[in-house]
Amino acid sequence: PIEELTEEQPELQEKQISLDSGPSLNIARVSIDIDTGLQLTNASINATDGDYLPLVAIAPQYPTRAAQRGIEGWCLVSFTVNGLGSVVEETITVVDAEPPQIFNRSSVRAAARFKFQPRVEDGIGVDVSGVQYLFRYQLEDN
């Protein structure tokens, strides 16, 4: 025989919804009580002061001739990150490279596509100059 289970349904409060003649959007701030006792009141997201953080680092394209010749090395670039988190292309310079000149172009192109969370001071994004990044060029072992 199958036993029937009967559970009392919790009482639900009735909510009245009225639709005005015109469309509107009203978002109210509310307090949320969670069973753990944690209370989130008037939660909002604000930009706080802080240093820049890398968000997107693009891998450079390995130069074809260098790959064909088995050349490995590195290239150190320097640049400015603006208040919006983008690299200012005109500021990208090669600080040092080994071997010289081989990886410069691909390193500069990759650095131009980097994205950062900007440095924030007094709630405003500010430029950061002298940011350096080291690109390493290594061929995979076959």
# chains A, B, ... in the order shown; residues from 1 in each chain; ligands from 1

$ residues_around --residues "A:Leu55" --least-positions-apart "4" --cutoff "10 Å" --atoms "only C-alpha atoms" --output "list in words"
Gly85, Phe114, Lys115, Phe116, Gln117 and Pro118 of chain A

$ residues_around --residues "A:Pro99" --least-positions-apart "3" --cutoff "8 Å" --atoms "only C-alpha atoms" --output "PyMOL selection string"
chain A and resi 73-74+102-103

$ select_by_dssp --residues "stretch 43-124 of chain A" --states "strand (DSSP E)" --output "list in words"
Leu53, Pro54, Leu55, Val56, Gly73, Trp74, Cys75, Leu76, Val77, Ser78, Phe79, Thr80, Val81, Thr93, Val94, Val95, Asp96, Ala97, Glu98, Lys115, Phe116, Gln117, Arg119, Val120, Glu121 and Ile124 of chain A

$ write_last_selection --atoms "C-alpha atoms" --output "tab-separated table (two decimals), in the first residue's frame"
chain	number	residue	atom	x	y	z
A	53	LEU	CA	45.59	45.61	-12.67
A	54	PRO	CA	46.18	43.68	-15.89
A	55	LEU	CA	42.94	42.26	-17.32
A	56	VAL	CA	43.89	41.15	-20.85
A	73	GLY	CA	64.67	35.27	-27.03
A	74	TRP	CA	62.82	38.02	-25.20
A	75	CYS	CA	61.71	41.63	-25.52
A	76	LEU	CA	61.08	44.11	-22.70
A	77	VAL	CA	58.62	46.91	-23.54
A	78	SER	CA	57.54	49.99	-21.60
A	79	PHE	CA	54.27	51.92	-22.02
A	80	THR	CA	51.65	54.15	-20.41
A	81	VAL	CA	48.25	52.87	-19.28
A	93	THR	CA	58.99	51.57	-26.49
A	94	VAL	CA	61.38	48.64	-26.52
A	95	VAL	CA	63.59	48.90	-23.44
A	96	ASP	CA	65.79	45.90	-24.24
A	97	ALA	CA	65.69	42.74	-26.32
A	98	GLU	CA	67.73	39.62	-26.94
A	115	LYS	CA	43.75	46.01	-21.26
A	116	PHE	CA	44.01	47.04	-17.63
A	117	GLN	CA	41.77	48.02	-14.77
A	119	ARG	CA	44.62	53.12	-11.42
A	120	VAL	CA	41.96	55.07	-9.53
A	121	GLU	CA	42.70	58.11	-7.37
A	124	ILE	CA	38.97	59.01	-11.14

$ atom_distance --atom1 "atom CA of A:Gln132" --atom2 "atom CA of A:Ala67"
24.7 Å

$ closest_residue --among "A:Asp51, A:Ile92, A:Arg69, A:Gly130" --to "A:Ser107" --atoms "only C-alpha atoms"
A:Ile92
